[in-house]
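> See model32.pdb below, with PDB, C-alpha atoms.
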MODEL        1
ATOM      1  CA  MET A 420      -0.158   8.826  23.746
ATOM      2  CA  SER A 421      -2.469   7.982  20.905
ATOM      3  CA  MET A 422      -1.967   5.304  18.280
ATOM      4  CA  LYS A 423      -1.545   6.475  14.723
ATOM      5  CA  GLU A 424      -0.807   4.920  11.384
ATOM      6  CA  GLN A 425       2.462   5.907   9.701
ATOM      7  CA  VAL A 426       3.781   5.345   6.180
ATOM      8  CA  LEU A 427       7.545   4.757   6.057
ATOM      9  CA  SER A 428       9.564   4.980   2.853
ATOM     10  CA  ILE A 429      12.733   2.938   3.213
ATOM     11  CA  LEU A 430      15.421   3.143   0.558
ATOM     12  CA  VAL A 431      17.690   0.105   0.609
ATOM     13  CA  GLU A 432      20.519  -1.359  -1.393
ATOM     14  CA  ASN A 433      19.096  -3.943  -3.765
ATOM     15  CA  THR A 434      20.652  -7.019  -2.124
ATOM     16  CA  THR A 435      19.475 -10.535  -1.439
ATOM     17  CA  GLY A 436      17.530 -10.891   1.805
ATOM     18  CA  VAL A 437      17.084  -7.185   2.562
ATOM     19  CA  LEU A 438      13.279  -7.443   2.673
ATOM     20  CA  SER A 439      13.530 -10.478   4.936
ATOM     21  CA  ARG A 440      15.859  -8.629   7.325
ATOM     22  CA  ILE A 441      13.485  -5.660   7.547
ATOM     23  CA  SER A 442      10.351  -7.747   8.068
ATOM     24  CA  GLY A 443      12.292  -9.906  10.558
ATOM     25  CA  LEU A 444      13.124  -6.824  12.626
ATOM     26  CA  PHE A 445       9.423  -5.970  12.811
ATOM     27  CA  SER A 446       8.590  -9.536  13.819
ATOM     28  CA  ARG A 447      11.327  -9.829  16.473
ATOM     29  CA  ARG A 448      10.415  -6.491  18.067
ATOM     30  CA  GLY A 449       6.652  -7.112  17.971
ATOM     31  CA  PHE A 450       5.972  -4.199  15.612
ATOM     32  CA  ASN A 451       2.968  -4.521  13.327
ATOM     33  CA  ILE A 452       3.119  -4.230   9.539
ATOM     34  CA  ASN A 453      -0.253  -3.159   8.137
ATOM     35  CA  SER A 454       1.029  -3.082   4.553
ATOM     36  CA  ILE A 455       4.354  -3.639   2.792
ATOM     37  CA  THR A 456       5.419  -3.122  -0.811
ATOM     38  CA  ALA A 457       8.820  -3.221  -2.455
ATOM     39  CA  GLY A 458      10.176  -2.447  -5.883
ATOM     40  CA  VAL A 459      13.356  -1.442  -7.652
ATOM     41  CA  THR A 460      13.801   2.322  -8.149
ATOM     42  CA  SER A 461      14.932   4.077 -11.319
ATOM     43  CA  ASP A 462      18.449   3.118 -10.195
ATOM     44  CA  VAL A 463      18.588  -0.708 -10.155
ATOM     45  CA  ARG A 464      21.088  -0.636  -7.276
ATOM     46  CA  PHE A 465      18.285   0.468  -4.925
ATOM     47  CA  THR A 466      14.856  -0.754  -3.846
ATOM     48  CA  ARG A 467      12.147   1.354  -2.220
ATOM     49  CA  ILE A 468      10.195  -0.450   0.495
ATOM     50  CA  THR A 469       7.001   1.203   1.685
ATOM     51  CA  ILE A 470       5.680   0.028   5.034
ATOM     52  CA  VAL A 471       2.505   1.133   6.743
ATOM     53  CA  THR A 472       2.752   0.538  10.470
ATOM     54  CA  SER A 473       1.044   1.858  13.578
ATOM     55  CA  GLY A 474       1.880   2.785  17.126
ATOM     56  CA  ASP A 475       2.261   5.704  19.464
ATOM     57  CA  GLU A 476       5.040   8.240  18.882
ATOM     58  CA  LEU A 477       7.522   6.290  21.011
ATOM     59  CA  VAL A 478       6.949   3.059  19.062
ATOM     60  CA  LEU A 479       7.119   4.844  15.686
ATOM     61  CA  SER A 480      10.371   6.529  16.703
ATOM     62  CA  GLN A 481      11.825   3.154  17.775
ATOM     63  CA  ILE A 482      10.816   1.567  14.463
ATOM     64  CA  GLU A 483      12.429   4.378  12.495
ATOM     65  CA  LYS A 484      15.694   4.217  14.478
ATOM     66  CA  GLN A 485      15.982   0.434  14.422
ATOM     67  CA  VAL A 486      15.252   0.134  10.699
ATOM     68  CA  ALA A 487      17.826   2.862   9.974
ATOM     69  CA  LYS A 488      20.504   0.800  11.770
ATOM     70  CA  LEU A 489      20.034  -2.230   9.520
ATOM     71  CA  GLU A 490      22.672  -3.155   6.990
ATOM     72  CA  ASP A 491      21.739  -2.101   3.421
ATOM     73  CA  VAL A 492      19.331   0.644   4.614
ATOM     74  CA  VAL A 493      20.209   3.935   2.912
ATOM     75  CA  SER A 494      17.421   6.074   4.371
ATOM     76  CA  VAL A 495      14.169   5.885   6.319
ATOM     77  CA  GLU A 496      11.615   8.636   5.807
ATOM     78  CA  ARG A 497       8.302   9.190   7.550
ATOM     79  CA  MET A 498       5.739  10.162   4.943
ATOM     80  CA  PRO A 499       3.374  12.813   6.388
ATOM     81  CA  GLU A 500      -0.109  12.532   4.900
ATOM     82  CA  GLU A 501      -0.255  16.187   3.823
ATOM     83  CA  THR A 502       2.973  16.005   1.773
ATOM     84  CA  THR A 503       2.668  12.479   0.409
ATOM     85  CA  VAL A 504       1.051  10.876  -2.603
ATOM     86  CA  ALA A 505       0.006   7.400  -1.453
ATOM     87  CA  ARG A 506      -1.870   4.847  -3.549
ATOM     88  CA  GLU A 507      -2.933   1.225  -3.412
ATOM     89  CA  LEU A 508      -4.116  -1.113  -6.158
ATOM     90  CA  ILE A 509      -6.880  -3.639  -5.635
ATOM     91  CA  LEU A 510      -8.330  -6.369  -7.796
ATOM     92  CA  VAL A 511     -11.810  -7.344  -6.669
ATOM     93  CA  LYS A 512     -13.988 -10.069  -8.133
ATOM     94  CA  VAL A 513     -17.712  -9.476  -7.595
ATOM     95  CA  LYS A 514     -20.771 -11.537  -8.367
ATOM     96  CA  SER A 515     -22.457 -10.095 -11.434
ATOM     97  CA  SER A 516     -25.535 -11.601 -12.954
ATOM     98  CA  SER A 517     -26.762  -9.974 -16.146
ATOM     99  CA  GLU A 518     -29.375  -8.086 -14.073
ATOM    100  CA  VAL A 519     -26.790  -6.124 -12.052
ATOM    101  CA  ARG A 520     -23.958  -5.825 -14.587
ATOM    102  CA  LEU A 521     -25.048  -2.337 -15.713
ATOM    103  CA  ASP A 522     -25.199  -1.162 -12.079
ATOM    104  CA  ILE A 523     -21.703  -2.495 -11.430
ATOM    105  CA  ASN A 524     -20.413  -0.766 -14.583
ATOM    106  CA  THR A 525     -21.900   2.505 -13.297
ATOM    107  CA  LEU A 526     -20.082   2.015  -9.984
ATOM    108  CA  VAL A 527     -16.857   1.275 -11.890
ATOM    109  CA  ASP A 528     -17.256   4.510 -13.893
ATOM    110  CA  ILE A 529     -17.972   6.633 -10.815
ATOM    111  CA  PHE A 530     -14.775   5.428  -9.109
ATOM    112  CA  ARG A 531     -12.691   5.577 -12.316
ATOM    113  CA  ALA A 532     -11.987   1.881 -11.936
ATOM    114  CA  LYS A 533     -11.528  -0.595 -14.768
ATOM    115  CA  VAL A 534     -13.194  -3.912 -15.551
ATOM    116  CA  VAL A 535     -10.357  -6.321 -16.370
ATOM    117  CA  ASP A 536     -12.277  -9.607 -16.667
ATOM    118  CA  VAL A 537     -15.875 -10.664 -17.179
ATOM    119  CA  SER A 538     -17.357 -14.129 -16.918
ATOM    120  CA  GLU A 539     -20.907 -15.399 -16.940
ATOM    121  CA  ASP A 540     -21.370 -14.798 -13.217
ATOM    122  CA  SER A 541     -18.571 -12.456 -12.116
ATOM    123  CA  MET A 542     -16.569  -9.342 -12.958
ATOM    124  CA  THR A 543     -13.015  -8.527 -11.894
ATOM    125  CA  ILE A 544     -12.384  -4.838 -11.283
ATOM    126  CA  GLU A 545      -9.083  -2.985 -10.923
ATOM    127  CA  LEU A 546      -9.009   0.169  -8.821
ATOM    128  CA  THR A 547      -6.172   2.429  -7.767
ATOM    129  CA  GLY A 548      -6.575   5.094  -5.130
ATOM    130  CA  ASN A 549      -6.025   6.277  -1.608
ATOM    131  CA  TYR A 550      -7.357   4.479   1.452
ATOM    132  CA  ASN A 551     -10.665   6.390   1.551
ATOM    133  CA  LYS A 552     -11.444   5.754  -2.128
ATOM    134  CA  ILE A 553     -10.639   2.032  -1.836
ATOM    135  CA  THR A 554     -12.712   1.698   1.348
ATOM    136  CA  ALA A 555     -15.723   3.492  -0.158
ATOM    137  CA  PHE A 556     -15.593   1.358  -3.299
ATOM    138  CA  LEU A 557     -15.346  -1.898  -1.347
ATOM    139  CA  LYS A 558     -18.273  -0.922   0.860
ATOM    140  CA  LEU A 559     -20.463  -0.441  -2.217
ATOM    141  CA  ALA A 560     -19.083  -3.468  -4.089
ATOM    142  CA  ASP A 561     -19.835  -5.640  -1.064
ATOM    143  CA  SER A 562     -23.564  -5.232  -1.721
ATOM    144  CA  TYR A 563     -23.094  -7.247  -4.952
ATOM    145  CA  GLY A 564     -21.058  -9.930  -3.197
ATOM    146  CA  ILE A 565     -17.284  -9.904  -3.169
ATOM    147  CA  ILE A 566     -15.925 -13.274  -4.281
ATOM    148  CA  GLU A 567     -12.204 -12.489  -4.024
ATOM    149  CA  LEU A 568     -10.038  -9.516  -3.169
ATOM    150  CA  ALA A 569      -6.320  -8.861  -3.657
ATOM    151  CA  ARG A 570      -4.559  -5.710  -2.431
ATOM    152  CA  THR A 571      -1.061  -4.554  -3.279
ATOM    153  CA  GLY A 572      -0.493  -2.514  -0.160
ATOM    154  CA  VAL A 573       0.332   1.180  -0.053
ATOM    155  CA  THR A 574       3.099   2.717  -2.107
ATOM    156  CA  ALA A 575       4.056   6.363  -1.651
ATOM    157  CA  LEU A 576       6.264   9.241  -2.760
ATOM    158  CA  SER A 577       6.671  12.733  -1.378
ATOM    159  CA  ARG A 578       4.938  15.542  -3.273
ATOM    160  CA  GLY A 579       6.895  18.053  -5.334
ATOM    161  CA  ALA A 580      10.207  17.924  -7.154
ATOM    162  CA  GLY A 581      12.335  16.811  -4.212
ATOM    163  CA  ALA A 582      13.715  13.298  -4.462
ATOM    164  CA  TRP A 583      16.247  11.048  -2.828
ATOM    165  CA  GLU A 584      19.675  11.359  -4.405
ATOM    166  CA  ASP A 585      22.765   9.231  -3.792
TER     167      ASP A 585
ENDMDL
END
For this file, write the structure as structure tokens.

Amino acid sequence: MSMKEQVLSILVENTTGVLSRISGLFSRRGFNINSITAGVTSDVRFTRITIVTSGDELVLSQIEKQVAKLEDVVSVERMPEETTVARELILVKVKSSSEVRLDINTLVDIFRAKVVDVSEDSMTIELTGNYNKITAFLKLADSYGIIELARTGVTALSRGAGAWED
């Protein structure tokens, strides 16, 4: 079986320690978390946790079943790439002397990013997008010299009008 990356959307009751219990399950079972995000939904009683993990089909099935058994978990949904809107936010600080600042601004425009801070010798850029867009931008930004990078991790929703309902 081949390894693949999978986005999981986990709806949980908004209770103390729920994120710790979920990440602890991954740790105890030796499952990898490539990315994890969490935030309250439009209903403050619930939190949506988005986890990107990887494994073969057997491992992914085990993860899904074991997470679903946890207390406070309302639902676990695999998010297929073709029916999912998935985004990540990055903040990247790049070296930017006055000689290259115009070139960096052109790169920012091409990727529909946003300059959020400028100093004498650096620029901080905010970019939201899918994995391929983020990767392409970072590859090009690296030629200027990346000083610092912060990533939020993937967050995702299914396409269309369908939504989780309690």
> Any idea what the distance is between atom CA of A:Ile468 and atom CA of A:Leu438?
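Result for atom CA of A:Ile468 versus atom CA of A:Leu438: 7.9 Å, one decimal.
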> Nearest to A:Gln425: which of A:Ile452, A:Ala560, A:Ala457, A:Val492 is it, counting all atoms listed in the file?
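The answer is A:Ile452, which sits nearest to A:Gln425.
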> Could you spell out the hits of the PyMOL selection byres ((chain A and resi 547) around 10) on the shown file, as a PyMOL selection string?
chain A and resi 506-510+530-533+545-546+548-550+552-553+570-571
> Given all atoms listed in the file as the basis, pick out the residue of A:Ile482, A:Val463, A:Leu559, A:Val493 nearest to A:Leu444.
A:Ile482
> For each of A:Met422, A:Ile565, A:Leu430, A:Val437, take the minimum atom-to-atom distance to A:Gly474, counting all atoms listed in the file, then give the residue where this is smallest.
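Comparing A:Met422, A:Ile565, A:Leu430, A:Val437 against A:Gly474, the winner is A:Met422.
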> Given the PyMOL selection byres ((chain A and resi 424) around 6) and the file above, list the residues it selects as a list in words.
Lys423, Gln425, Thr472 and Ser473 of chain A
> Could you write those residues out with C-alpha atoms, as an mmCIF file, in the frame of the given file?

data_model
loop_
_atom_site.group_PDB
_atom_site.id
_atom_site.type_symbol
_atom_site.label_atom_id
_atom_site.label_comp_id
_atom_site.auth_asym_id
_atom_site.auth_seq_id
_atom_site.Cartn_x
_atom_site.Cartn_y
_atom_site.Cartn_z
ATOM 1 C CA LYS A 423 -1.545 6.475 14.723
ATOM 2 C CA GLN A 425 2.462 5.907 9.701
ATOM 3 C CA THR A 472 2.752 0.538 10.470
ATOM 4 C CA SER A 473 1.044 1.858 13.578
#
> What lies within 12 Å of A:Ser439 using only C-alpha atoms, ignoring chain neighbours under 3 positions off, as an NGL selection string?
:A and (434-436 or 442-447 or 455 or 457 or 468 or 489-491)
> Identify the residues around (8.2, 12.4, 1.6) within a radius of 6 Å, measuring from only C-alpha atoms in the coordinates stated by the file, and give them as a PDB file with C-alpha atoms, in the coordinates of the input.

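Contents of the output file part-v9.pdb:
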ATOM      1  CA  MET A 498       5.739  10.162   4.943  1.00  0.00           C
ATOM      2  CA  THR A 503       2.668  12.479   0.409  1.00  0.00           C
ATOM      3  CA  LEU A 576       6.264   9.241  -2.760  1.00  0.00           C
ATOM      4  CA  SER A 577       6.671  12.733  -1.378  1.00  0.00           C
TER       5      SER A 577
END
> Just give me the gap between atom CA of A:Val431 and atom CA of A:Glu483 in Å, one decimal is fine.
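One can read the atom CA of A:Val431 to atom CA of A:Glu483 distance as 13.7 Å.
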> Quick one: everything within 12 Å of stretch 522-529 of chain A, counting only C-alpha atoms, minus sequence neighbours fewer than 4 positions away in the same chain. Send it as a VMD selection string.
chain A and resid 511 to 518 533 to 535 537 541 to 547 552 to 553 555 to 565
> Got a sec: who's within 8 Å of A:Arg497, counting all atoms listed in the file, leaving out chain neighbours fewer than 4 positions off, as a list in words?
Gln425, Val426, Leu427 and Ser428 of chain A
> Between atom CA of A:Thr466 and atom CA of A:Gly572, measure the distance and give it in Å to one decimal.
15.9 Å
> Show me, as lines of an AutoDock Vina configuration file, the centre and edge lengths in Å to one decimal of the axis-aligned box that covers every listed atom of stretch 445-464 of chain A with 5 Å on each side.

center_x = 10.4
center_y = -2.9
center_z = 3.4
size_x = 31.3
size_y = 23.9
size_z = 39.4
> Take stretch 509-520 of chain A, bring it up to all heavy atoms, and give me the output as a tab-separated table (two decimals), in the coordinates of the input.

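selection-v7.tsv was written with the following content:
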chain	number	residue	atom	x	y	z
A	509	ILE	N	-6.13	-2.44	-6.01
A	509	ILE	CA	-6.88	-3.64	-5.64
A	509	ILE	C	-7.43	-4.29	-6.90
A	509	ILE	O	-7.71	-3.62	-7.90
A	509	ILE	CB	-8.05	-3.35	-4.66
A	509	ILE	CG1	-9.12	-2.47	-5.29
A	509	ILE	CG2	-7.56	-2.79	-3.35
A	509	ILE	CD1	-10.43	-2.43	-4.52
A	510	LEU	N	-7.56	-5.59	-6.84
A	510	LEU	CA	-8.33	-6.37	-7.80
A	510	LEU	C	-9.44	-7.00	-6.99
A	510	LEU	O	-9.18	-7.64	-5.97
A	510	LEU	CB	-7.48	-7.45	-8.46
A	510	LEU	CG	-6.39	-6.99	-9.40
A	510	LEU	CD1	-5.56	-8.20	-9.86
A	510	LEU	CD2	-6.97	-6.26	-10.60
A	511	VAL	N	-10.68	-6.79	-7.41
A	511	VAL	CA	-11.81	-7.34	-6.67
A	511	VAL	C	-12.75	-8.05	-7.65
A	511	VAL	O	-13.11	-7.49	-8.68
A	511	VAL	CB	-12.55	-6.25	-5.84
A	511	VAL	CG1	-13.07	-5.13	-6.70
A	511	VAL	CG2	-13.67	-6.85	-5.01
A	512	LYS	N	-13.07	-9.29	-7.32
A	512	LYS	CA	-13.99	-10.07	-8.13
A	512	LYS	C	-15.34	-10.05	-7.44
A	512	LYS	O	-15.45	-10.41	-6.27
A	512	LYS	CB	-13.49	-11.51	-8.27
A	512	LYS	CG	-14.30	-12.33	-9.27
A	512	LYS	CD	-13.86	-13.79	-9.30
A	512	LYS	CE	-12.42	-13.94	-9.71
A	512	LYS	NZ	-12.00	-15.36	-9.75
A	513	VAL	N	-16.37	-9.57	-8.16
A	513	VAL	CA	-17.71	-9.48	-7.60
A	513	VAL	C	-18.68	-10.34	-8.39
A	513	VAL	O	-18.49	-10.57	-9.59
A	513	VAL	CB	-18.23	-8.02	-7.56
A	513	VAL	CG1	-17.40	-7.16	-6.63
A	513	VAL	CG2	-18.28	-7.41	-8.94
A	514	LYS	N	-19.70	-10.81	-7.69
A	514	LYS	CA	-20.77	-11.54	-8.37
A	514	LYS	C	-21.48	-10.56	-9.30
A	514	LYS	O	-21.74	-9.42	-8.91
A	514	LYS	CB	-21.77	-12.09	-7.35
A	514	LYS	CG	-21.18	-13.14	-6.44
A	514	LYS	CD	-22.22	-13.59	-5.42
A	514	LYS	CE	-21.59	-14.53	-4.42
A	514	LYS	NZ	-22.51	-14.87	-3.33
A	515	SER	N	-21.79	-11.01	-10.51
A	515	SER	CA	-22.46	-10.10	-11.43
A	515	SER	C	-23.33	-10.85	-12.41
A	515	SER	O	-22.91	-11.24	-13.49
A	515	SER	CB	-21.43	-9.25	-12.20
A	515	SER	OG	-20.68	-10.07	-13.06
A	516	SER	N	-24.56	-11.03	-12.02
A	516	SER	CA	-25.54	-11.60	-12.95
A	516	SER	C	-25.84	-10.54	-14.00
A	516	SER	O	-25.51	-9.35	-13.83
A	516	SER	CB	-26.81	-11.98	-12.20
A	516	SER	OG	-27.40	-10.81	-11.63
A	517	SER	N	-26.45	-10.93	-15.08
A	517	SER	CA	-26.76	-9.97	-16.15
A	517	SER	C	-27.66	-8.84	-15.64
A	517	SER	O	-27.61	-7.73	-16.17
A	517	SER	CB	-27.40	-10.69	-17.33
A	517	SER	OG	-28.57	-11.39	-16.92
A	518	GLU	N	-28.46	-9.10	-14.60
A	518	GLU	CA	-29.38	-8.09	-14.07
A	518	GLU	C	-28.64	-6.92	-13.38
A	518	GLU	O	-29.16	-5.81	-13.36
A	518	GLU	CB	-30.37	-8.70	-13.07
A	518	GLU	CG	-31.31	-9.73	-13.64
A	518	GLU	CD	-30.70	-11.12	-13.73
A	518	GLU	OE1	-29.89	-11.50	-12.87
A	518	GLU	OE2	-31.02	-11.82	-14.71
A	519	VAL	N	-27.49	-7.18	-12.80
A	519	VAL	CA	-26.79	-6.12	-12.05
A	519	VAL	C	-25.54	-5.62	-12.76
A	519	VAL	O	-24.89	-4.69	-12.28
A	519	VAL	CB	-26.42	-6.59	-10.62
A	519	VAL	CG1	-27.66	-6.90	-9.81
A	519	VAL	CG2	-25.45	-7.75	-10.64
A	520	ARG	N	-25.21	-6.19	-13.90
A	520	ARG	CA	-23.96	-5.82	-14.59
A	520	ARG	C	-23.91	-4.34	-14.94
A	520	ARG	O	-22.88	-3.69	-14.78
A	520	ARG	CB	-23.80	-6.68	-15.84
A	520	ARG	CG	-22.39	-6.66	-16.34
A	520	ARG	CD	-22.03	-7.86	-17.13
A	520	ARG	NE	-21.80	-8.98	-16.22
A	520	ARG	CZ	-21.76	-10.23	-16.60
A	520	ARG	NH1	-21.93	-10.54	-17.85
A	520	ARG	NH2	-21.54	-11.18	-15.74
